[in-house]
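Remarks on the structure that follows.
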Amino acid sequence: MKLLHSSLSKVRAAHCRAIKLAHITDTYIATPILNGYTKCREIGTALKMFDEIPHRDTASWNIMISGYVNTGRFLSAWVFLNLMKEHGFCLNEYTFGSILKGIASNGLLSLGQQVHCDVVKMDYVGNVYAASALLDMYAKCGKVDDANEVFQTMPERNYVSWNAIIAGYAGKGDIEYGFWLLRGMEQEGVQLDDGTFSPLLTLLNDDKFYKLTTQVHGKVEKLGLGCEVKVFNALITAYSQCGSIESAESVFDGTISCRDSVTWNSMLAAYLEHDKEKQAFELFLGMERLRLEMDSYTYTSIISGCFEVRHNSQGKCLHALVIKRGLENVTIISTALISMYVKSCTNSMDDALTVFENLDAKDSVSWNSILTGLSQKGWSEIAFKMFTKMRVENLEMDEYSFSATLRSCSDLATLRFGQQVHAFALKLRSESYKYVSSALILMYSNCGIIEDAWKSFEVSPKESSISWNSIMFAYAQHGQGKLVLDLFFLMKQSEVKLDHITFVAVLTACSHTGLVEEGCRFFESMEADFGIVPRMEHYACAIDLLGRAGRLEEAKDLVKGMPFDPDAMVLRTLLGTCRSCGDIEYASEVASHLLELEPGEHSTYVLLSDMYRQFKKWDNIANIKRLMRERSVTKVPGWSWIEVQNEVHAFNAEDLSHPHCHEIYAKLRELTDEIMFSESENASGLMISKGDQESVV
């Protein structure tokens, strides 16, 4: 900022001298001053001076076009280009370079094609500067093949043109052609720089590319580019994505003298990607101690590391820091806070709603984050109200908005509202998105309309496993296990990549329909035949499968043979199996482990209490109730709901929150009285009838 102010002072001084010496009308003196104003982003002053130049030349027009492009005012640049043509000035390579840069930044392909016509008409196709700008425009507008066509016809290529085409293919994800171009660039003897390597390093995002990353790193060091900020920032990310956090740390440690904010953010993201939250927090605190400037990415990254329960306190501290620094209305940061509270294992939905309500500039991401959170946490009625508010305010909706709302419809089995959301998704042509299709399948299935679930599957995209998994879960829920297995083999035949959720669906189907042997075979073949290592949820399904078949000993052996400690989900499934098989001793042992893991989870106490009641263990029931009191655990009441005129009304026991609760309870008493009266009348009638029979006898 100081440098810019100093430069502006020099430009103004030069301008004053030119006026004082009456040289301001001289185009050759005025043009450098004009250029100085545009570089200092003083476009208003530059325009005023441009209007006062009596004899403008191509250079002065180019300066104004470049100035507008560099300050993000492309429309004004385009107007100036057309005025330049109208006034009879010839466009040159600098005109094309500036205007094509603006077109590329804004992704305006049709305007770029118009300029391409001018380039051809004015015979600048062979000019390396104009052609490089042209191919860069095509690459950034997503037309990489067109960019390559321009590149191949260039009689002369420089490092700019090579870097532009390499960046284009890197953006397309074509690693093979990108590195082929790198070899071609070396063979032609063109100088490699940071702009050559940084886009290529973005392609090295898998463990299998680790060796190639080290080779690129070696070449970078050999060429003396190891201290180029763009290169080592890209190297940190590449090493992290190739699975080597140690190599990423090594690069970071070697950049002490020339780090920028991107360097720190890259290392922060690397630690979080490798679940090293402790090191990420230490790095963040290091940035604090050094009083480094932090951007939105810094805050969103560190906030994303606070989703686990053990980091809840850090998350609260970060929220306080955001408020302290007046950043709570920065949309991207508040959205990260909403996601943090939503994904937290504790009951933090109220905090998420508070952040959302206090955010002034809500975008589609923040709306979708809160909508998804409400849906996942079971706050379906509020999710409906949020969705309705989005519709009333004509806010932009996408596949995530629809899929979250449909999930809430699925949870509450509100068919009519779900059908309306479906119709709205059709209207906006969102039904074909994989997440919307998946949500539609589950919604219709949960509402008992399996035929409509199948219709939604038929029109869904089937390249990925998402829709396949959903329809398999739907048929499993409806007890059609054999059909699920048919779908599994059809999915395999269609060469759709199977994932861990696919096997959860298959094992669930086998469990619900008594296909025990088939389920066991699937579980055993997961890793051997399909390369999918069983996770916690697969073990839970297998235990449930064996438990329903009464094979408790096999379920016990399966838990003992697990390669990791069982979590609460597995233990809860095993507890249910013990209960159904009548093994009260082992159930008590499992329950004690479960209560250590989740001392505040009410469902474990309820399950134990029901089991003891089944076997008339009254002392044990009393102990469970005492333990609940000591730990302040209360049984969460069940809810019921009804949909009336597109509005969902939810109730629980002795609920007084409904606005019409007095009328509802009055009607309930009235109905209860009628029932009681009806029962007493029936009883009296029965007694009279019996008396008549006796008198007859």
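By order of appearance in the structure tokens: chains A, B, ..., then residues from 1 within every chain, and ligands from 1 in the order shown.
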
Contacts of segment 505-522 of chain A at 10 Å (only C-alpha atoms; same-chain gap of 2+ positions) as a PyMOL selection string: chain A and resi 468-485+487-488+500-503+524-527+529-530+537-549+551

Residues near segment 216-218 of chain A, cut-off 9 Å, only C-alpha atoms, skip fewer than 5 positions along chain, as a PyMOL selection string: chain A and resi 197+201+211+223+226+232+235

Filtering to N, CA and C atoms, could you give me those residues as a tab-separated table (two decimals), in the first residue's frame?
chain	number	residue	atom	x	y	z
A	197	PHE	N	5.58	-25.36	-13.64
A	197	PHE	CA	5.47	-26.47	-12.70
A	197	PHE	C	4.24	-26.41	-11.79
A	201	LEU	N	1.84	-29.66	-10.82
A	201	LEU	CA	1.85	-30.24	-9.48
A	201	LEU	C	0.44	-30.44	-8.93
A	211	LYS	N	6.29	-40.80	-6.29
A	211	LYS	CA	7.62	-40.85	-6.94
A	211	LYS	C	7.75	-39.75	-7.99
A	223	LEU	N	16.77	-26.50	-11.33
A	223	LEU	CA	16.60	-25.27	-12.11
A	223	LEU	C	16.64	-24.01	-11.24
A	226	GLY	N	13.42	-23.54	-6.42
A	226	GLY	CA	12.96	-24.01	-5.11
A	226	GLY	C	12.47	-22.90	-4.21
A	232	PHE	N	6.76	-23.88	-4.38
A	232	PHE	CA	6.80	-24.65	-3.13
A	232	PHE	C	5.43	-24.73	-2.46
A	235	LEU	N	4.03	-27.68	-4.15
A	235	LEU	CA	4.72	-28.89	-3.70
A	235	LEU	C	4.18	-29.36	-2.35

Rows by chain and residue number, segment 258-371 of chain A within 10 Å of segment 400-411 of chain A, shortest pair, only C-alpha atoms, as CSV:
residue,atom,partner,partner_atom,distance
A:Ser364,CA,A:Ser401,CA,8.5
A:Val365,CA,A:Tyr400,CA,9.0
A:Trp367,CA,A:Ser401,CA,7.9
A:Asn368,CA,A:Ser401,CA,5.4
A:Ser369,CA,A:Tyr400,CA,8.8
A:Ile370,CA,A:Ala404,CA,9.5
A:Leu371,CA,A:Ala404,CA,6.2

Long-range neighbours of segment 60-67 of chain A as an NGL selection string, 10 Å cut-off, only C-alpha atoms, 6 positions minimum in chain: :A and (27-28 or 30-32 or 34-43 or 46-47 or 50 or 53 or 73-74 or 76-81 or 83-84 or 89 or 91-99 or 101-102)

For Gln215 of chain A: contacts at 12 Å, only C-alpha atoms, fewer than 5 positions along chain excluded, given as a count of residues only: 10

A:Val125, A:Met569, A:Leu671, A:Ser465 ranked by distance to Leu490 of chain A, top pick (using only C-alpha atoms):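 For Leu490 of chain A, the nearest of the candidates is A:Ser465.
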
6 Å contact set for segment 584-601 of chain A, only C-alpha atoms, chain neighbours under 2 positions out, as a PyMOL selection string: chain A and resi 575+578+582+603+633

Create the file for the chosen residues now, containing N, CA and C atoms and written as a short mmCIF file (atom, residue, chain, number, x, y, z; two decimals), in the first residue's frame.
data_model
loop_
_atom_site.label_atom_id
_atom_site.label_comp_id
_atom_site.auth_asym_id
_atom_site.auth_seq_id
_atom_site.Cartn_x
_atom_site.Cartn_y
_atom_site.Cartn_z
N LEU A 575 -25.62 -55.88 21.97
CA LEU A 575 -26.51 -55.86 23.14
C LEU A 575 -27.92 -56.30 22.74
N CYS A 578 -27.87 -60.04 22.25
CA CYS A 578 -27.88 -60.76 23.55
C CYS A 578 -29.29 -60.78 24.14
N GLY A 582 -31.47 -64.02 24.87
CA GLY A 582 -31.67 -64.32 26.29
C GLY A 582 -30.40 -64.49 27.10
N SER A 603 -30.55 -44.29 25.18
CA SER A 603 -31.11 -45.52 24.58
C SER A 603 -30.51 -46.78 25.19
N VAL A 633 -29.16 -38.39 33.24
CA VAL A 633 -29.62 -38.87 31.93
C VAL A 633 -31.13 -39.02 31.98
#

Shell of 9 Å around Ser301 of chain A, only C-alpha atoms, local chain residues under 2 positions omitted, as a count of residues only: 12

DSSP alpha helix (DSSP H) residues within segment 51-284 of chain A, as JSON, numbers by chain: {"A": [51, 52, 58, 59, 60, 61, 62, 63, 64, 65, 66, 67, 68, 69, 70, 74, 75, 76, 77, 78, 79, 80, 81, 82, 83, 84, 85, 86, 93, 94, 95, 96, 97, 98, 99, 100, 101, 102, 103, 104, 105, 106, 109, 110, 111, 112, 113, 114, 115, 116, 117, 118, 119, 120, 121, 128, 129, 130, 131, 132, 133, 134, 135, 136, 137, 138, 139, 140, 144, 145, 146, 147, 148, 149, 150, 151, 152, 159, 160, 161, 162, 163, 164, 165, 166, 167, 168, 169, 170, 171, 172, 175, 176, 177, 178, 179, 180, 181, 182, 183, 184, 185, 186, 187, 194, 195, 196, 197, 198, 199, 200, 201, 210, 211, 212, 213, 214, 215, 216, 217, 218, 219, 220, 221, 222, 229, 230, 231, 232, 233, 234, 235, 236, 237, 238, 239, 240, 241, 245, 246, 247, 248, 249, 250, 251, 252, 253, 261, 262, 263, 264, 265, 266, 267, 268, 269, 270, 271, 272, 273, 277, 278, 279, 280, 281, 282, 283, 284]}

Nearest residue to Glu328 of chain A from the set A:Gly531, A:Asp350, A:Glu357, A:Lys616 (distances using only C-alpha atoms):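 Closest to Glu328 of chain A, using only C-alpha atoms: A:Glu357.
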
Residues near Val606 of chain A, cut-off 12 Å, only C-alpha atoms, skip fewer than 2 positions along chain, as an MDAnalysis selection string: chainID A and resid 572 575:576 591 595 600:604 608:613 621 624:625 627:628 633:637

Atom CA of Ser198 of chain A to atom CA of Ala167 of chain A, distance in Å rounded to a single decimal: 8.6 Å

Atom-to-atom span, atom CA of Ser132 of chain A and atom CA of Asp260 of chain A, Å: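 Going from atom CA of Ser132 of chain A over to atom CA of Asp260 of chain A covers 28.9 Å.
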
Point-to-point distance from atom CA of Glu396 of chain A to atom CA of Val459 of chain A, Å rounded to tenths: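 Value for the atom CA of Glu396 of chain A-atom CA of Val459 of chain A distance: 23.9 Å.
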
Residue nearest Leu134 of chain A among A:Ile441, A:Ile165, A:Met122, A:Ala361 (counting only C-alpha atoms): A:Ile165
